[in-house]
file start.cif (mmCIF, C-alpha atoms)
data_data
loop_
_atom_site.label_atom_id
_atom_site.label_comp_id
_atom_site.auth_asym_id
_atom_site.auth_seq_id
_atom_site.Cartn_x
_atom_site.Cartn_y
_atom_site.Cartn_z
CA MET J 1 -19.62 98.90 92.23
CA LYS J 2 -22.74 98.27 94.19
CA ALA J 3 -22.92 97.84 97.96
CA LYS J 4 -25.79 95.95 99.53
CA ILE J 5 -26.24 96.79 103.18
CA HIS J 6 -28.41 95.01 105.72
CA ILE J 7 -29.11 96.85 108.93
CA THR J 8 -30.79 94.84 111.66
CA LEU J 9 -31.59 95.43 115.31
CA LYS J 10 -29.26 93.68 117.74
CA ASN J 11 -30.61 90.73 119.67
CA GLY J 12 -32.44 91.85 122.77
CA VAL J 13 -33.40 95.24 121.35
CA LEU J 14 -37.17 95.64 121.27
CA ASP J 15 -38.65 95.83 117.76
CA PRO J 16 -42.15 97.36 118.02
CA GLN J 17 -42.45 97.62 114.23
CA GLY J 18 -41.76 93.90 113.85
CA LYS J 19 -44.21 93.14 116.66
CA ALA J 20 -46.89 95.20 114.90
CA VAL J 21 -46.30 93.31 111.65
CA GLY J 22 -46.51 90.01 113.55
CA HIS J 23 -49.84 90.99 115.08
CA ALA J 24 -51.19 92.17 111.73
CA LEU J 25 -50.25 88.83 110.15
CA GLY J 26 -52.08 87.05 112.98
CA SER J 27 -55.17 89.22 112.39
CA LEU J 28 -55.09 88.31 108.71
CA GLY J 29 -55.28 84.63 109.65
CA PHE J 30 -51.65 83.62 109.12
CA GLU J 31 -50.77 80.93 111.65
CA GLY J 32 -47.41 79.75 112.89
CA VAL J 33 -45.71 83.16 112.86
CA GLU J 34 -43.37 83.02 115.84
CA ASP J 35 -41.43 86.23 115.48
CA VAL J 36 -40.96 89.10 113.05
CA ARG J 37 -37.96 91.42 113.00
CA GLN J 38 -37.82 94.36 110.65
CA GLY J 39 -34.62 95.90 109.40
CA LYS J 40 -33.40 98.11 106.60
CA TYR J 41 -31.91 97.22 103.25
CA ILE J 42 -29.89 99.86 101.44
CA GLU J 43 -28.28 99.67 98.01
CA VAL J 44 -25.53 102.18 97.26
CA ASP J 45 -24.08 102.63 93.77
CA LEU J 46 -20.47 103.75 93.91
CA SER J 47 -18.12 105.08 91.27
CA GLU J 48 -15.22 103.40 93.16
CA THR J 49 -13.82 100.43 91.20
CA ASP J 50 -11.63 98.87 93.91
CA ALA J 51 -13.63 96.44 96.06
CA ASP J 52 -11.48 96.84 99.18
CA LYS J 53 -11.68 100.62 99.06
CA ALA J 54 -15.41 100.46 98.40
CA LEU J 55 -15.90 98.21 101.44
CA GLU J 56 -13.86 100.53 103.63
CA ASN J 57 -15.81 103.52 102.38
CA VAL J 58 -19.21 101.89 102.93
CA ASP J 59 -18.16 100.68 106.37
CA ALA J 60 -17.45 104.32 107.30
CA MET J 61 -20.86 105.33 105.87
CA CYS J 62 -22.56 102.74 108.07
CA ARG J 63 -20.74 103.84 111.20
CA GLN J 64 -21.28 107.55 110.60
CA LEU J 65 -24.77 107.68 109.17
CA LEU J 66 -26.61 104.57 108.09
CA ALA J 67 -26.59 102.44 111.22
CA ASN J 68 -27.00 103.28 114.88
CA THR J 69 -24.30 100.96 116.15
CA VAL J 70 -25.56 101.15 119.73
CA ILE J 71 -28.63 99.13 118.83
CA GLU J 72 -28.06 97.96 115.25
CA ASN J 73 -25.78 95.55 113.42
CA TYR J 74 -24.86 96.00 109.78
CA GLU J 75 -23.59 93.70 107.05
CA ILE J 76 -22.05 94.87 103.81
CA GLU J 77 -21.81 92.97 100.54
CA ILE J 78 -19.85 94.48 97.67
CA GLU J 79 -20.76 93.54 94.10
CA ALA J 80 -18.92 94.39 90.93
CA MET S 1 -37.96 77.85 109.48
CA LYS S 2 -36.88 81.38 108.90
CA ALA S 3 -37.93 83.53 105.95
CA LYS S 4 -35.76 86.45 104.87
CA ILE S 5 -37.67 88.96 102.81
CA HIS S 6 -36.28 91.86 100.80
CA ILE S 7 -38.74 94.51 99.71
CA THR S 8 -37.43 97.07 97.23
CA LEU S 9 -38.99 99.82 95.19
CA LYS S 10 -39.51 98.98 91.53
CA ASN S 11 -37.26 100.67 89.00
CA GLY S 12 -38.60 104.05 88.04
CA VAL S 13 -40.40 104.62 91.34
CA LEU S 14 -39.06 107.71 93.09
CA ASP S 15 -37.23 107.01 96.35
CA PRO S 16 -37.08 110.25 98.37
CA GLN S 17 -35.69 108.42 101.41
CA GLY S 18 -32.82 107.05 99.34
CA LYS S 19 -32.22 110.48 97.81
CA ALA S 20 -32.07 112.03 101.30
CA VAL S 21 -29.53 109.43 102.41
CA GLY S 22 -27.48 110.11 99.26
CA HIS S 23 -27.45 113.85 99.98
CA ALA S 24 -26.54 113.28 103.62
CA LEU S 25 -23.60 111.09 102.58
CA GLY S 26 -22.47 113.86 100.22
CA SER S 27 -22.68 116.42 103.05
CA LEU S 28 -20.54 114.15 105.23
CA GLY S 29 -17.84 114.22 102.57
CA PHE S 30 -18.34 110.81 101.00
CA GLU S 31 -17.51 111.06 97.32
CA GLY S 32 -18.46 108.80 94.45
CA VAL S 33 -21.96 107.97 95.69
CA GLU S 34 -24.00 107.68 92.51
CA ASP S 35 -27.31 106.44 93.78
CA VAL S 36 -28.91 105.17 96.96
CA ARG S 37 -32.07 103.07 97.14
CA GLN S 38 -33.62 102.15 100.44
CA GLY S 39 -35.76 99.11 100.98
CA LYS S 40 -37.01 96.92 103.80
CA TYR S 41 -35.63 93.71 105.18
CA ILE S 42 -37.93 91.49 107.21
CA GLU S 43 -37.14 88.24 108.99
CA VAL S 44 -40.07 86.00 109.88
CA ASP S 45 -39.70 82.96 112.14
CA LEU S 46 -42.22 80.28 111.25
CA SER S 47 -43.27 77.11 113.03
CA GLU S 48 -43.87 75.50 109.60
CA THR S 49 -41.29 72.78 108.85
CA ASP S 50 -42.00 72.25 105.13
CA ALA S 51 -39.99 74.68 103.00
CA ASP S 52 -42.45 74.70 100.08
CA LYS S 53 -45.42 75.43 102.34
CA ALA S 54 -43.42 78.08 104.17
CA LEU S 55 -42.56 79.79 100.87
CA GLU S 56 -46.19 79.71 99.75
CA ASN S 57 -47.31 81.12 103.08
CA VAL S 58 -44.74 83.93 103.09
CA ASP S 59 -45.55 84.77 99.47
CA ALA S 60 -49.17 85.30 100.54
CA MET S 61 -47.99 87.47 103.46
CA CYS S 62 -46.00 89.65 101.08
CA ARG S 63 -48.90 90.07 98.66
CA GLN S 64 -51.46 90.79 101.37
CA LEU S 65 -49.51 92.87 103.86
CA LEU S 66 -45.77 93.27 103.65
CA ALA S 67 -45.26 94.64 100.14
CA ASN S 68 -47.18 97.14 98.08
CA THR S 69 -46.95 95.24 94.80
CA VAL S 70 -47.95 98.29 92.76
CA ILE S 71 -44.64 99.97 93.51
CA GLU S 72 -42.54 97.32 95.27
CA ASN S 73 -40.83 94.06 94.41
CA TYR S 74 -40.19 91.37 96.97
CA GLU S 75 -37.79 88.45 97.22
CA ILE S 76 -38.14 85.57 99.65
CA GLU S 77 -35.41 83.26 100.92
CA ILE S 78 -36.35 80.31 103.12
CA GLU S 79 -33.82 78.93 105.58
CA ALA S 80 -34.04 75.79 107.68
#
call {"tool": "encode", "arguments": {"input": "start.cif", "output": "structure tokens"}}
result
Amino acid sequence: MKAKIHITLKNGVLDPQGKAVGHALGSLGFEGVEDVRQGKYIEVDLSETDADKALENVDAMCRQLLANTVIENYEIEIEA
Amino acid sequence: MKAKIHITLKNGVLDPQGKAVGHALGSLGFEGVEDVRQGKYIEVDLSETDADKALENVDAMCRQLLANTVIENYEIEIEA
């Protein structure tokens, strides 16, 4: 199975990387960019064949390693 | 409108960051992790109200700044 994980900063947490991208887009002449937020996207291939177990497993991975749950949210999608 | 952009490494391009995450998961005792690929996820808020124009605009942003099209693929999703 494949897990697709989105890790994004929580609302209210400053995102200097996103701000930098927003400024760079402005410098390049792109207008109408109101806000940019940058997050991470991780794909994990698993040998697990049970979707529920895979989700549980990946949730533990996010809590223990992939996401900093103090400042980040994560979303997991499991695909066959 | 909001644009959600996924930037991933093309197949065949080495992903040391993903490999490091895979090894770290192994060290933490997670079994059955076959492969990890890490990409970027960017959300851009736009003042543009026309979805087609927004898509065109964001496509140009990806080609000019956000993605390195030599080694990366990008996917854009436009939301109202």
call {"tool": "closest_residue", "arguments": {"input": "start.cif", "among": "J:Glu77, J:Gly39, J:Glu48, J:Leu28", "to": "Arg63 (chain S)", "atoms": "only C-alpha atoms"}}
result
J:Leu28
call {"tool": "residues_around", "arguments": {"input": "start.cif", "residues": "region 15-26 of chain S", "least_positions_apart": "2", "cutoff": "7 Å", "atoms": "all atoms listed in the file", "output": "list in words"}}
result
Val13, Leu28, Gly29, Phe30, Glu31, Val33, Asp35, Val36, Arg37 and Gln38 of chain S
call {"tool": "closest_residue", "arguments": {"input": "start.cif", "among": "S:Cys62, S:Ile71, S:Met1, S:Ile76", "to": "Asp50 (chain S)", "atoms": "all atoms listed in the file"}}
result
S:Met1
call {"tool": "resolve_selection", "arguments": {"input": "start.cif", "expression": "the PyMOL selection byres ((chain J and resi 2) around 7)", "output": "JSON, numbers by chain"}}
result
{"J": [1, 3, 4, 43, 44, 45, 46, 78, 79, 80]}
call {"tool": "closest_residue", "arguments": {"input": "start.cif", "among": "J:Ser47, J:Asn68, J:Asn73, J:Asn11", "to": "chain S", "atoms": "all atoms listed in the file"}}
result
J:Ser47
call {"tool": "closest_residue", "arguments": {"input": "start.cif", "among": "J:Leu65, J:Thr49, J:Glu75, J:Val70", "to": "Gly12 (chain J)", "atoms": "all atoms listed in the file"}}
result
J:Val70
call {"tool": "closest_residue", "arguments": {"input": "start.cif", "among": "S:Leu9, S:Leu14, S:Leu66, S:Ala51", "to": "chain J", "atoms": "only C-alpha atoms"}}
result
S:Leu66
call {"tool": "residues_around", "arguments": {"input": "start.cif", "residues": "Tyr74 (chain J)", "least_positions_apart": "2", "cutoff": "7 Å", "atoms": "all atoms listed in the file", "output": "ChimeraX atom specification"}}
result
/J:5-8,67,72,76
call {"tool": "closest_residue", "arguments": {"input": "start.cif", "among": "J:Lys40, J:Ser27, J:Asp59, J:Thr69", "to": "chain S", "atoms": "only C-alpha atoms"}}
result
J:Lys40
call {"tool": "atom_distance", "arguments": {"input": "start.cif", "atom1": "CA of Ala60 (chain J)", "atom2": "CA of Tyr41 (chain S)"}}
result
21.2 Å
call {"tool": "atom_distance", "arguments": {"input": "start.cif", "atom1": "CA of Met61 (chain J)", "atom2": "CA of Lys10 (chain S)"}}
result
24.4 Å
